[in-house]
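Q: Provided below: structure08.cif, containing mmCIF, C-alpha atoms.
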data_query
#
loop_
_atom_site.group_PDB
_atom_site.id
_atom_site.type_symbol
_atom_site.label_atom_id
_atom_site.label_comp_id
_atom_site.auth_asym_id
_atom_site.auth_seq_id
_atom_site.Cartn_x
_atom_site.Cartn_y
_atom_site.Cartn_z
ATOM 1 C CA MET A 1 11.601 169.502 -130.258
ATOM 2 C CA THR A 2 14.258 167.440 -128.449
ATOM 3 C CA THR A 3 13.180 164.086 -127.001
ATOM 4 C CA THR A 4 14.894 163.109 -123.781
ATOM 5 C CA LEU A 5 16.332 159.626 -123.260
ATOM 6 C CA SER A 6 13.836 158.893 -120.470
ATOM 7 C CA THR A 7 10.833 159.556 -122.763
ATOM 8 C CA ARG A 8 12.036 157.674 -125.843
ATOM 9 C CA ARG A 9 13.488 154.521 -124.300
ATOM 10 C CA LYS A 10 11.631 151.409 -123.217
ATOM 11 C CA MET A 11 11.877 150.171 -119.640
ATOM 12 C CA LYS A 12 14.635 147.590 -119.150
ATOM 13 C CA ILE A 13 15.594 146.922 -115.533
ATOM 14 C CA LEU A 14 18.259 144.381 -114.573
ATOM 15 C CA ILE A 15 18.356 143.703 -110.816
ATOM 16 C CA ASN A 16 21.220 141.707 -109.346
ATOM 17 C CA ALA A 17 21.890 140.862 -105.692
ATOM 18 C CA TYR A 18 23.249 138.328 -103.226
ATOM 19 C CA PRO A 19 20.587 135.703 -102.350
ATOM 20 C CA HIS A 20 17.984 136.831 -99.811
ATOM 21 C CA ALA A 21 18.834 140.504 -100.181
ATOM 22 C CA GLY A 22 15.299 140.743 -101.555
ATOM 23 C CA VAL A 23 15.855 140.586 -105.311
ATOM 24 C CA GLU A 24 12.846 138.343 -105.977
ATOM 25 C CA GLN A 25 10.615 140.570 -103.865
ATOM 26 C CA PHE A 26 11.908 143.712 -105.580
ATOM 27 C CA TYR A 27 11.023 142.157 -108.919
ATOM 28 C CA SER A 28 7.592 141.038 -107.720
ATOM 29 C CA LEU A 29 6.743 144.467 -106.310
ATOM 30 C CA LEU A 30 7.986 146.326 -109.393
ATOM 31 C CA ALA A 31 6.261 144.018 -111.864
ATOM 32 C CA SER A 32 2.989 143.992 -109.910
ATOM 33 C CA THR A 33 2.914 147.794 -109.658
ATOM 34 C CA ILE A 34 2.746 148.210 -113.447
ATOM 35 C CA ARG A 35 1.339 144.838 -114.538
ATOM 36 C CA ALA A 36 -2.137 146.129 -115.411
ATOM 37 C CA ASP A 37 -0.582 148.732 -117.728
ATOM 38 C CA ARG A 38 1.761 146.407 -119.616
ATOM 39 C CA THR A 39 0.851 144.903 -122.975
ATOM 40 C CA GLU A 40 4.042 143.121 -124.074
ATOM 41 C CA ASN A 41 6.750 140.654 -123.026
ATOM 42 C CA MET A 42 5.002 139.547 -119.853
ATOM 43 C CA ASN A 43 7.458 136.626 -119.590
ATOM 44 C CA GLU A 44 10.368 139.105 -119.309
ATOM 45 C CA LEU A 45 12.342 137.638 -122.225
ATOM 46 C CA ALA A 46 15.686 139.419 -122.649
ATOM 47 C CA GLU A 47 15.169 139.947 -126.390
ATOM 48 C CA GLY A 48 11.936 141.823 -125.706
ATOM 49 C CA SER A 49 11.593 145.579 -126.096
ATOM 50 C CA GLU A 50 11.031 146.051 -122.362
ATOM 51 C CA TRP A 51 11.536 143.878 -119.299
ATOM 52 C CA ILE A 52 12.389 143.522 -115.608
ATOM 53 C CA ILE A 53 14.899 140.723 -115.042
ATOM 54 C CA TRP A 54 16.534 139.620 -111.796
ATOM 55 C CA LYS A 55 19.729 137.640 -111.291
ATOM 56 C CA LYS A 56 21.907 136.383 -108.440
ATOM 57 C CA GLU A 57 25.482 136.315 -109.717
ATOM 58 C CA PRO A 58 28.290 138.787 -108.787
ATOM 59 C CA VAL A 59 29.713 139.079 -112.303
ATOM 60 C CA ILE A 60 26.386 140.450 -113.617
ATOM 61 C CA SER A 61 27.240 143.739 -111.899
ATOM 62 C CA LEU A 62 30.455 144.057 -113.920
ATOM 63 C CA GLY A 63 28.704 144.091 -117.292
ATOM 64 C CA ASN A 64 28.689 147.106 -119.597
ATOM 65 C CA TYR A 65 25.083 147.441 -120.733
ATOM 66 C CA GLY A 66 23.406 149.714 -123.256
ATOM 67 C CA GLU A 67 21.930 153.052 -122.246
ATOM 68 C CA ASP A 68 18.471 151.481 -122.368
ATOM 69 C CA VAL A 69 19.303 149.042 -119.527
ATOM 70 C CA THR A 70 19.064 150.237 -115.931
ATOM 71 C CA LEU A 71 21.389 148.136 -113.789
ATOM 72 C CA CYS A 72 20.450 147.911 -110.109
ATOM 73 C CA THR A 73 21.711 146.097 -107.054
ATOM 74 C CA ILE A 74 20.109 145.556 -103.658
ATOM 75 C CA ILE A 75 22.169 145.394 -100.502
ATOM 76 C CA ARG A 76 21.308 144.085 -97.072
ATOM 77 C CA GLU A 77 23.321 144.200 -93.835
ATOM 78 C CA PRO A 78 26.040 141.543 -94.328
ATOM 79 C CA ALA A 79 25.672 139.384 -91.215
ATOM 80 C CA GLU A 80 21.874 139.444 -91.511
ATOM 81 C CA ASN A 81 21.913 138.667 -95.228
ATOM 82 C CA ILE A 82 24.491 135.870 -95.067
ATOM 83 C CA ALA A 83 22.881 134.290 -91.991
ATOM 84 C CA ILE A 84 19.447 134.184 -93.650
ATOM 85 C CA ASN A 85 20.962 132.501 -96.702
ATOM 86 C CA VAL A 86 22.880 129.988 -94.579
ATOM 87 C CA CYS A 87 19.793 129.210 -92.505
ATOM 88 C CA GLY A 88 17.933 128.437 -95.717
ATOM 89 C CA TRP A 89 20.697 125.946 -96.538
ATOM 90 C CA PHE A 90 20.235 124.424 -93.069
ATOM 91 C CA THR A 91 16.635 123.569 -94.014
ATOM 92 C CA GLY A 92 17.835 121.519 -96.978
ATOM 93 C CA LYS A 93 17.109 124.146 -99.645
ATOM 94 C CA THR A 94 19.726 124.394 -102.395
ATOM 95 C CA GLY A 95 18.371 127.259 -104.487
ATOM 96 C CA GLN A 96 18.194 124.979 -107.535
ATOM 97 C CA ILE A 97 14.910 124.528 -109.382
ATOM 98 C CA ILE A 98 14.269 121.532 -111.631
ATOM 99 C CA TYR A 99 10.940 121.219 -113.463
ATOM 100 C CA GLY A 100 9.448 123.848 -111.163
ATOM 101 C CA SER A 101 10.405 122.089 -107.922
ATOM 102 C CA GLU A 102 13.197 123.114 -105.570
ATOM 103 C CA VAL A 103 16.020 120.600 -105.175
ATOM 104 C CA MET A 104 16.458 119.576 -101.515
ATOM 105 C CA LYS A 105 19.469 118.017 -99.789
ATOM 106 C CA LYS A 106 18.280 116.213 -96.682
ATOM 107 C CA GLU A 107 21.839 115.783 -95.430
ATOM 108 C CA ASN A 108 22.075 119.583 -95.033
ATOM 109 C CA ILE A 109 19.117 119.779 -92.647
ATOM 110 C CA LYS A 110 20.433 120.969 -89.314
ATOM 111 C CA GLU A 111 18.919 120.260 -85.909
ATOM 112 C CA GLU A 112 21.742 120.622 -83.366
ATOM 113 C CA LEU A 113 22.719 124.057 -82.044
ATOM 114 C CA VAL A 114 26.430 123.869 -82.767
ATOM 115 C CA LEU A 115 28.345 124.699 -85.923
ATOM 116 C CA SER A 116 30.204 121.775 -87.426
ATOM 117 C CA GLU A 117 33.433 122.130 -89.409
ATOM 118 C CA LYS A 118 31.347 121.694 -92.574
ATOM 119 C CA ASP A 119 29.001 124.483 -91.454
ATOM 120 C CA ILE A 120 31.876 126.863 -90.778
ATOM 121 C CA LYS A 121 33.428 126.157 -94.160
ATOM 122 C CA PHE A 122 30.097 126.901 -95.823
ATOM 123 C CA ILE A 123 29.649 130.159 -93.883
ATOM 124 C CA ASN A 124 33.205 131.238 -94.747
ATOM 125 C CA HIS A 125 32.502 130.492 -98.397
ATOM 126 C CA GLN A 126 29.299 132.548 -98.290
ATOM 127 C CA MET A 127 31.158 135.485 -96.759
ATOM 128 C CA MET A 128 33.606 135.272 -99.659
ATOM 129 C CA VAL A 129 30.705 135.201 -102.144
ATOM 130 C CA TYR A 130 28.967 138.151 -100.453
ATOM 131 C CA LYS A 131 32.244 140.083 -100.593
ATOM 132 C CA SER A 132 32.428 139.410 -104.333
ATOM 133 C CA TYR A 133 28.956 140.921 -104.826
ATOM 134 C CA MET A 134 30.023 144.098 -103.002
ATOM 135 C CA GLN A 135 33.314 144.396 -104.892
ATOM 136 C CA CYS A 136 31.666 143.874 -108.280
ATOM 137 C CA ALA A 137 29.010 146.480 -107.514
ATOM 138 C CA LEU A 138 31.608 149.013 -106.387
ATOM 139 C CA LEU A 139 33.598 148.531 -109.592
ATOM 140 C CA ASN A 140 30.616 149.494 -111.773
ATOM 141 C CA LYS A 141 30.094 153.263 -111.643
ATOM 142 C CA ASP A 142 26.795 152.961 -113.550
ATOM 143 C CA ILE A 143 25.065 150.731 -111.008
ATOM 144 C CA ASN A 144 22.062 152.039 -109.069
ATOM 145 C CA VAL A 145 22.118 150.973 -105.430
ATOM 146 C CA PHE A 146 19.049 150.271 -103.313
ATOM 147 C CA SER A 147 18.782 148.692 -99.876
ATOM 148 C CA THR A 148 16.443 146.174 -98.321
ATOM 149 C CA ASP A 149 15.867 148.661 -95.499
ATOM 150 C CA GLN A 150 14.624 151.233 -98.031
ATOM 151 C CA MET A 151 12.058 148.849 -99.443
ATOM 152 C CA LYS A 152 10.887 147.772 -95.988
ATOM 153 C CA ALA A 153 10.579 151.375 -94.721
ATOM 154 C CA ASN A 154 9.103 153.039 -97.811
ATOM 155 C CA PRO A 155 8.159 150.650 -100.626
ATOM 156 C CA VAL A 156 6.181 153.209 -102.646
ATOM 157 C CA GLU A 157 9.049 155.708 -102.771
ATOM 158 C CA THR A 158 11.579 152.973 -103.575
ATOM 159 C CA ILE A 159 9.480 151.458 -106.365
ATOM 160 C CA ASN A 160 8.806 154.894 -107.871
ATOM 161 C CA ASN A 161 12.501 155.736 -107.747
ATOM 162 C CA MET A 162 13.533 152.541 -109.513
ATOM 163 C CA LEU A 163 10.856 152.920 -112.198
ATOM 164 C CA ASP A 164 11.705 156.604 -112.707
ATOM 165 C CA ILE A 165 15.410 156.001 -113.313
ATOM 166 C CA SER A 166 14.489 153.289 -115.845
ATOM 167 C CA GLY A 167 12.449 155.782 -117.855
ATOM 168 C CA SER A 168 9.239 153.805 -117.300
ATOM 169 C CA LYS A 169 6.096 155.664 -118.292
ATOM 170 C CA HIS A 170 3.693 152.967 -117.113
ATOM 171 C CA LYS A 171 0.767 153.835 -114.882
ATOM 172 C CA ARG A 172 1.404 152.588 -111.358
ATOM 173 C CA ASP A 173 -1.068 150.642 -109.279
ATOM 174 C CA PHE A 174 -0.084 150.856 -105.627
ATOM 175 C CA GLY A 175 -3.429 149.343 -104.674
ATOM 176 C CA ASN A 176 -2.346 145.991 -106.120
ATOM 177 C CA PRO A 177 -2.576 143.346 -103.343
ATOM 178 C CA VAL A 178 1.038 142.214 -103.897
ATOM 179 C CA VAL A 179 2.315 145.786 -103.674
ATOM 180 C CA LYS A 180 0.170 146.632 -100.647
ATOM 181 C CA ARG A 181 1.594 143.630 -98.818
ATOM 182 C CA GLY A 182 5.041 145.172 -99.219
ATOM 183 C CA PHE A 183 8.368 143.608 -98.331
ATOM 184 C CA THR A 184 8.188 140.607 -95.999
ATOM 185 C CA ASP A 185 11.086 139.169 -94.017
ATOM 186 C CA ASP A 186 12.319 135.626 -94.543
ATOM 187 C CA GLU A 187 11.312 133.070 -91.930
ATOM 188 C CA VAL A 188 14.327 131.514 -90.232
ATOM 189 C CA ASN A 189 15.124 129.294 -87.275
ATOM 190 C CA LYS A 190 15.986 132.005 -84.720
ATOM 191 C CA ASP A 191 18.414 129.813 -82.783
ATOM 192 C CA HIS A 192 20.360 128.849 -85.893
ATOM 193 C CA TYR A 193 20.239 132.422 -87.158
ATOM 194 C CA ASP A 194 21.710 133.801 -83.927
ATOM 195 C CA LEU A 195 24.400 131.110 -83.983
ATOM 196 C CA VAL A 196 25.462 132.008 -87.527
ATOM 197 C CA VAL A 197 25.384 135.775 -86.899
ATOM 198 C CA SER A 198 27.528 135.337 -83.794
ATOM 199 C CA TYR A 199 30.125 133.402 -85.783
ATOM 200 C CA ILE A 200 30.145 135.930 -88.633
ATOM 201 C CA HIS A 201 30.664 138.808 -86.186
ATOM 202 C CA SER A 202 33.670 137.008 -84.708
ATOM 203 C CA THR A 203 35.585 136.873 -88.006
ATOM 204 C CA GLU A 204 38.051 139.364 -89.462
ATOM 205 C CA GLN A 205 36.447 138.850 -92.856
ATOM 206 C CA TYR A 206 33.223 140.413 -91.561
ATOM 207 C CA GLN A 207 35.001 143.689 -90.861
ATOM 208 C CA GLU A 208 36.329 143.757 -94.434
ATOM 209 C CA ILE A 209 32.870 143.011 -95.799
ATOM 210 C CA LEU A 210 31.293 145.686 -93.603
ATOM 211 C CA LYS A 211 33.590 148.347 -95.105
ATOM 212 C CA LEU A 212 32.530 147.351 -98.622
ATOM 213 C CA TYR A 213 28.844 147.367 -97.622
ATOM 214 C CA LYS A 214 29.143 150.853 -96.094
ATOM 215 C CA ALA A 215 30.937 152.102 -99.205
ATOM 216 C CA LEU A 216 27.978 150.927 -101.310
ATOM 217 C CA LEU A 217 25.487 152.536 -98.912
ATOM 218 C CA GLU A 218 27.120 155.862 -99.748
ATOM 219 C CA LYS A 219 26.006 155.414 -103.388
ATOM 220 C CA ILE A 220 22.315 155.332 -102.444
#
Take the structure from the file and write it as structure tokens.

A:
Amino acid sequence: MTTTLSTRRKMKILINAYPHAGVEQFYSLLASTIRADRTENMNELAEGSEWIIWKKEPVISLGNYGEDVTLCTIIREPAENIAINVCGWFTGKTGQIIYGSEVMKKENIKEELVLSEKDIKFINHQMMVYKSYMQCALLNKDINVFSTDQMKANPVETINNMLDISGSKHKRDFGNPVVKRGFTDDEVNKDHYDLVVSYIHSTEQYQEILKLYKALLEKI
């Protein structure tokens, strides 16, 4: 009797996305759905026989991985995604963790409702970084594309889909409190958010990014 790849392989899911696309929440929802049924590698070590690992680095999407690794990316509307990330920076968050605590830069905390030259340079840089994520994902024909909107609208279907393509045979607990809570939006300063979105929309770079984003949507 022939054994299919999906039945003989262990679950290995590598999720990569631009910050605040929802990669941490995707991981949390996936891991929580099957946590009660897992018996090994609960720390998601890469050398383990099965794992769910998330990353935030464009070049990850360019890698050629073995047939046992399911490579996924998550995409979120560009202006929304970039603005949420920038607004996090405006609160002093850097995204760096040292000894379990997030590194803060007080000089980045923004109170006034006007974009400084420094702010604009940072936003432009983030648009460039976001564009790199989209380009890297488009270059990899083996990548599986999901969207933040999918997870928000139908988390059960999205989680099942991602687990199915990975070959996971774990029992799924959709009654888990973390899973039932579903995808939650990031809290942002609405005034700063609107200011950043307005600037992004005014740039030519946004139109280029939007084309890349729409091209990836077609792969869903």

Q: Determine, for each residue of range 2-93 of chain A having at least one atom at most 8 Å from an atom of range 212-216 of chain A, the closest pair of atoms and their separation in Å to one decimal, counting all atoms listed in the file; order by chain and ascending number, as a tab-separated table.

A:
residue	atom	partner	partner_atom	distance
A:Ile75	CA	A:Tyr213	CA	7.5
A:Glu77	CA	A:Tyr213	CA	7.4
A:Pro78	CA	A:Tyr213	CA	7.3

Q: Using the selection just defined, write its residues with C-alpha atoms as a PDB file, in the frame of the given file.

A:
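What ended up in selection26.pdb:
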ATOM      1  CA  ILE A  75      22.169 145.394-100.502  1.00  0.00           C
ATOM      2  CA  GLU A  77      23.321 144.200 -93.835  1.00  0.00           C
ATOM      3  CA  PRO A  78      26.040 141.543 -94.328  1.00  0.00           C
TER       4      PRO A  78
END

Q: Within 7 Å of range 131-143 of chain A, counting all atoms listed in the file, which residues qualify if same-chain residues fewer than 3 places away don't, as an mmCIF file with C-alpha atoms, keeping the file's coordinate frame?

A:
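Result file follows (out-v8.cif):
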data_model
loop_
_atom_site.group_PDB
_atom_site.id
_atom_site.type_symbol
_atom_site.label_atom_id
_atom_site.label_comp_id
_atom_site.auth_asym_id
_atom_site.auth_seq_id
_atom_site.Cartn_x
_atom_site.Cartn_y
_atom_site.Cartn_z
ATOM 1 C CA TYR A 18 23.249 138.328 -103.226
ATOM 2 C CA PRO A 58 28.290 138.787 -108.787
ATOM 3 C CA VAL A 59 29.713 139.079 -112.303
ATOM 4 C CA SER A 61 27.240 143.739 -111.899
ATOM 5 C CA LEU A 62 30.455 144.057 -113.920
ATOM 6 C CA LEU A 71 21.389 148.136 -113.789
ATOM 7 C CA CYS A 72 20.450 147.911 -110.109
ATOM 8 C CA THR A 73 21.711 146.097 -107.054
ATOM 9 C CA MET A 127 31.158 135.485 -96.759
ATOM 10 C CA MET A 128 33.606 135.272 -99.659
ATOM 11 C CA ILE A 209 32.870 143.011 -95.799
ATOM 12 C CA LEU A 212 32.530 147.351 -98.622
ATOM 13 C CA TYR A 213 28.844 147.367 -97.622
ATOM 14 C CA LEU A 216 27.978 150.927 -101.310
#

Q: Could you write out as a list in words the residues that the PyMOL selection byres ((chain A and resi 49) around 10) matches in the shown file?

A: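 Selected by the PyMOL selection byres ((chain A and resi 49) around 10) here: Arg9, Lys10, Met11, Lys12, Glu40, Asn41, Glu44, Leu45, Ala46, Glu47, Gly48, Glu50, Trp51 and Asp68 of chain A.
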
Q: Find, counting only C-alpha atoms, the residue in A:Ile53, A:Ala36, A:Ile84, A:Ile165 that gets nearest to Ala21 in chain A.

A: A:Ile84

Q: Taking (23.7, 133.1, -84.6) in the file's own coordinates, collect the residues within 10 Å, counting only C-alpha atoms, and hand them back as a ChimeraX atom specification.

A: /A:79-80,83,87,113-115,189-201

Q: So how far away is CA of Ser28 in chain A from CA of Val86 in chain A, in Å?

A: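 Computing it gives 23.0 Å between the two atoms.
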
Q: Given the file shown, determine the residues that the PyMOL selection byres ((chain A and resi 25) around 10) selects; report them as a VMD selection string.

A: chain A and resid 20 to 24 26 to 31 54 148 151 178 to 179 182 to 185

Q: Could you state the separation of CA of Asp164 in chain A and CA of Gln150 in chain A in Å, given to one decimal place?

A: 15.9 Å

Q: What does the structure give for the distance between CA of Val156 in chain A and CA of Asn85 in chain A, in Å to one decimal?

A: 26.1 Å

Q: Give the answer as one residue: which of A:Asp149, A:Glu117, A:Glu57, A:Glu112 has the shortest atom-to-atom distance to Arg76 in chain A, using all atoms listed in the file?

A: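 Result for the nearest residue to Arg76 in chain A: A:Asp149.
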
Q: Would you please work out which residue, of A:Phe174, A:Arg181, A:Glu218, A:Pro155, is nearest to Arg35 in chain A when using all atoms listed in the file?

A: A:Phe174

Q: Let me make sure I understand: among A:Asn124, A:Ser32, A:Thr91, A:Asn43, which one has the smallest atom-to-atom distance to Glu187 in chain A if we use all atoms listed in the file?

A: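 Going through A:Asn124, A:Ser32, A:Thr91, A:Asn43 one by one, the smallest distance to Glu187 in chain A is for A:Thr91.
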
Q: Which centre and which edge lengths, in Å to one decimal, describe the axis-aligned box that holds all listed atoms of range 156-171 of chain A after 8 Å is added on each side, as lines of an AutoDock Vina configuration file?

A:
center_x = 8.1
center_y = 154.0
center_z = -110.5
size_x = 30.6
size_y = 21.1
size_z = 31.6

Q: Between A:Ser116, A:Lys169, A:Leu14, A:Gly88, which is the closest to Ile60 in chain A once you count all atoms listed in the file?

A: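 Looking only at the distances to Ile60 in chain A, the closest residue turns out to be A:Leu14.
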
Q: Between A:Thr33, A:Phe90, A:Ala17, A:Leu210, which has the minimum distance to Thr158 in chain A (counting only C-alpha atoms)?

A: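 Selected residue with least distance to Thr158 in chain A: A:Thr33.
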
Q: Some atoms are absent from range 199-210 of chain A, so rebuild all heavy atoms and return them as a PDB file, in the frame of the given file.

A:
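File rebuild.pdb, as written:
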ATOM      1  N   TYR A 199      28.869 133.847 -85.163  1.00  0.00           N
ATOM      2  CA  TYR A 199      30.125 133.402 -85.783  1.00  0.00           C
ATOM      3  C   TYR A 199      30.631 134.438 -86.791  1.00  0.00           C
ATOM      4  O   TYR A 199      31.823 134.776 -86.793  1.00  0.00           O
ATOM      5  CB  TYR A 199      29.947 132.052 -86.479  1.00  0.00           C
ATOM      6  CG  TYR A 199      31.179 131.698 -87.290  1.00  0.00           C
ATOM      7  CD1 TYR A 199      32.351 131.288 -86.661  1.00  0.00           C
ATOM      8  CD2 TYR A 199      31.187 131.861 -88.675  1.00  0.00           C
ATOM      9  CE1 TYR A 199      33.502 131.021 -87.389  1.00  0.00           C
ATOM     10  CE2 TYR A 199      32.329 131.590 -89.415  1.00  0.00           C
ATOM     11  CZ  TYR A 199      33.482 131.180 -88.761  1.00  0.00           C
ATOM     12  OH  TYR A 199      34.629 130.940 -89.477  1.00  0.00           O
ATOM     13  N   ILE A 200      29.750 134.936 -87.625  1.00  0.00           N
ATOM     14  CA  ILE A 200      30.145 135.930 -88.633  1.00  0.00           C
ATOM     15  C   ILE A 200      30.779 137.147 -87.967  1.00  0.00           C
ATOM     16  O   ILE A 200      31.826 137.644 -88.390  1.00  0.00           O
ATOM     17  CB  ILE A 200      28.939 136.349 -89.501  1.00  0.00           C
ATOM     18  CG1 ILE A 200      28.472 135.173 -90.359  1.00  0.00           C
ATOM     19  CG2 ILE A 200      29.285 137.544 -90.382  1.00  0.00           C
ATOM     20  CD1 ILE A 200      27.166 135.410 -91.089  1.00  0.00           C
ATOM     21  N   HIS A 201      30.149 137.638 -86.902  1.00  0.00           N
ATOM     22  CA  HIS A 201      30.664 138.808 -86.186  1.00  0.00           C
ATOM     23  C   HIS A 201      32.050 138.576 -85.597  1.00  0.00           C
ATOM     24  O   HIS A 201      32.813 139.528 -85.398  1.00  0.00           O
ATOM     25  CB  HIS A 201      29.706 139.211 -85.066  1.00  0.00           C
ATOM     26  CG  HIS A 201      28.491 139.930 -85.551  1.00  0.00           C
ATOM     27  ND1 HIS A 201      27.371 140.133 -84.764  1.00  0.00           N
ATOM     28  CD2 HIS A 201      28.209 140.507 -86.748  1.00  0.00           C
ATOM     29  CE1 HIS A 201      26.464 140.795 -85.448  1.00  0.00           C
ATOM     30  NE2 HIS A 201      26.945 141.048 -86.655  1.00  0.00           N
ATOM     31  N   SER A 202      32.385 137.327 -85.347  1.00  0.00           N
ATOM     32  CA  SER A 202      33.670 137.008 -84.708  1.00  0.00           C
ATOM     33  C   SER A 202      34.837 136.954 -85.694  1.00  0.00           C
ATOM     34  O   SER A 202      35.994 136.844 -85.279  1.00  0.00           O
ATOM     35  CB  SER A 202      33.571 135.662 -83.981  1.00  0.00           C
ATOM     36  OG  SER A 202      33.540 134.579 -84.911  1.00  0.00           O
ATOM     37  N   THR A 203      34.535 137.050 -86.997  1.00  0.00           N
ATOM     38  CA  THR A 203      35.585 136.873 -88.006  1.00  0.00           C
ATOM     39  C   THR A 203      36.167 138.210 -88.465  1.00  0.00           C
ATOM     40  O   THR A 203      35.475 139.242 -88.465  1.00  0.00           O
ATOM     41  CB  THR A 203      35.037 136.142 -89.247  1.00  0.00           C
ATOM     42  OG1 THR A 203      34.058 136.971 -89.900  1.00  0.00           O
ATOM     43  CG2 THR A 203      34.399 134.812 -88.857  1.00  0.00           C
ATOM     44  N   GLU A 204      37.423 138.175 -88.877  1.00  0.00           N
ATOM     45  CA  GLU A 204      38.051 139.364 -89.462  1.00  0.00           C
ATOM     46  C   GLU A 204      37.438 139.687 -90.821  1.00  0.00           C
ATOM     47  O   GLU A 204      37.345 140.857 -91.212  1.00  0.00           O
ATOM     48  CB  GLU A 204      39.557 139.142 -89.613  1.00  0.00           C
ATOM     49  CG  GLU A 204      40.317 139.071 -88.290  1.00  0.00           C
ATOM     50  CD  GLU A 204      41.807 138.932 -88.488  1.00  0.00           C
ATOM     51  OE1 GLU A 204      42.273 139.068 -89.649  1.00  0.00           O
ATOM     52  OE2 GLU A 204      42.529 138.685 -87.491  1.00  0.00           O
ATOM     53  N   GLN A 205      37.026 138.659 -91.529  1.00  0.00           N
ATOM     54  CA  GLN A 205      36.447 138.850 -92.856  1.00  0.00           C
ATOM     55  C   GLN A 205      35.193 139.719 -92.795  1.00  0.00           C
ATOM     56  O   GLN A 205      34.919 140.495 -93.722  1.00  0.00           O
ATOM     57  CB  GLN A 205      36.125 137.501 -93.492  1.00  0.00           C
ATOM     58  CG  GLN A 205      35.799 137.577 -94.974  1.00  0.00           C
ATOM     59  CD  GLN A 205      35.676 136.198 -95.618  1.00  0.00           C
ATOM     60  OE1 GLN A 205      35.786 135.177 -94.964  1.00  0.00           O
ATOM     61  NE2 GLN A 205      35.443 136.184 -96.924  1.00  0.00           N
ATOM     62  N   TYR A 206      34.437 139.604 -91.702  1.00  0.00           N
ATOM     63  CA  TYR A 206      33.223 140.413 -91.561  1.00  0.00           C
ATOM     64  C   TYR A 206      33.548 141.904 -91.564  1.00  0.00           C
ATOM     65  O   TYR A 206      32.819 142.707 -92.170  1.00  0.00           O
ATOM     66  CB  TYR A 206      32.477 140.038 -90.282  1.00  0.00           C
ATOM     67  CG  TYR A 206      31.298 140.940 -89.988  1.00  0.00           C
ATOM     68  CD1 TYR A 206      30.155 140.902 -90.778  1.00  0.00           C
ATOM     69  CD2 TYR A 206      31.329 141.844 -88.919  1.00  0.00           C
ATOM     70  CE1 TYR A 206      29.077 141.743 -90.525  1.00  0.00           C
ATOM     71  CE2 TYR A 206      30.258 142.671 -88.649  1.00  0.00           C
ATOM     72  CZ  TYR A 206      29.135 142.624 -89.463  1.00  0.00           C
ATOM     73  OH  TYR A 206      28.072 143.450 -89.206  1.00  0.00           O
ATOM     74  N   GLN A 207      34.618 142.281 -90.906  1.00  0.00           N
ATOM     75  CA  GLN A 207      35.001 143.689 -90.861  1.00  0.00           C
ATOM     76  C   GLN A 207      35.360 144.208 -92.250  1.00  0.00           C
ATOM     77  O   GLN A 207      35.037 145.348 -92.614  1.00  0.00           O
ATOM     78  CB  GLN A 207      36.177 143.882 -89.895  1.00  0.00           C
ATOM     79  CG  GLN A 207      35.866 143.524 -88.453  1.00  0.00           C
ATOM     80  CD  GLN A 207      34.644 144.254 -87.913  1.00  0.00           C
ATOM     81  OE1 GLN A 207      34.445 145.446 -88.172  1.00  0.00           O
ATOM     82  NE2 GLN A 207      33.817 143.537 -87.163  1.00  0.00           N
ATOM     83  N   GLU A 208      36.004 143.381 -93.059  1.00  0.00           N
ATOM     84  CA  GLU A 208      36.329 143.757 -94.434  1.00  0.00           C
ATOM     85  C   GLU A 208      35.050 143.921 -95.256  1.00  0.00           C
ATOM     86  O   GLU A 208      34.910 144.871 -96.039  1.00  0.00           O
ATOM     87  CB  GLU A 208      37.224 142.698 -95.069  1.00  0.00           C
ATOM     88  CG  GLU A 208      38.584 142.525 -94.389  1.00  0.00           C
ATOM     89  CD  GLU A 208      39.361 141.355 -94.970  1.00  0.00           C
ATOM     90  OE1 GLU A 208      38.913 140.786 -95.996  1.00  0.00           O
ATOM     91  OE2 GLU A 208      40.406 141.008 -94.400  1.00  0.00           O
ATOM     92  N   ILE A 209      34.138 142.979 -95.074  1.00  0.00           N
ATOM     93  CA  ILE A 209      32.870 143.011 -95.799  1.00  0.00           C
ATOM     94  C   ILE A 209      32.056 144.231 -95.402  1.00  0.00           C
ATOM     95  O   ILE A 209      31.428 144.899 -96.238  1.00  0.00           O
ATOM     96  CB  ILE A 209      32.067 141.717 -95.521  1.00  0.00           C
ATOM     97  CG1 ILE A 209      32.748 140.519 -96.197  1.00  0.00           C
ATOM     98  CG2 ILE A 209      30.627 141.847 -96.004  1.00  0.00           C
ATOM     99  CD1 ILE A 209      32.174 139.185 -95.796  1.00  0.00           C
ATOM    100  N   LEU A 210      32.063 144.553 -94.121  1.00  0.00           N
ATOM    101  CA  LEU A 210      31.293 145.686 -93.603  1.00  0.00           C
ATOM    102  C   LEU A 210      31.754 146.993 -94.247  1.00  0.00           C
ATOM    103  O   LEU A 210      30.936 147.866 -94.562  1.00  0.00           O
ATOM    104  CB  LEU A 210      31.432 145.753 -92.085  1.00  0.00           C
ATOM    105  CG  LEU A 210      30.354 146.519 -91.307  1.00  0.00           C
ATOM    106  CD1 LEU A 210      28.960 145.971 -91.614  1.00  0.00           C
ATOM    107  CD2 LEU A 210      30.641 146.454 -89.815  1.00  0.00           C
TER     108      LEU A 210
END
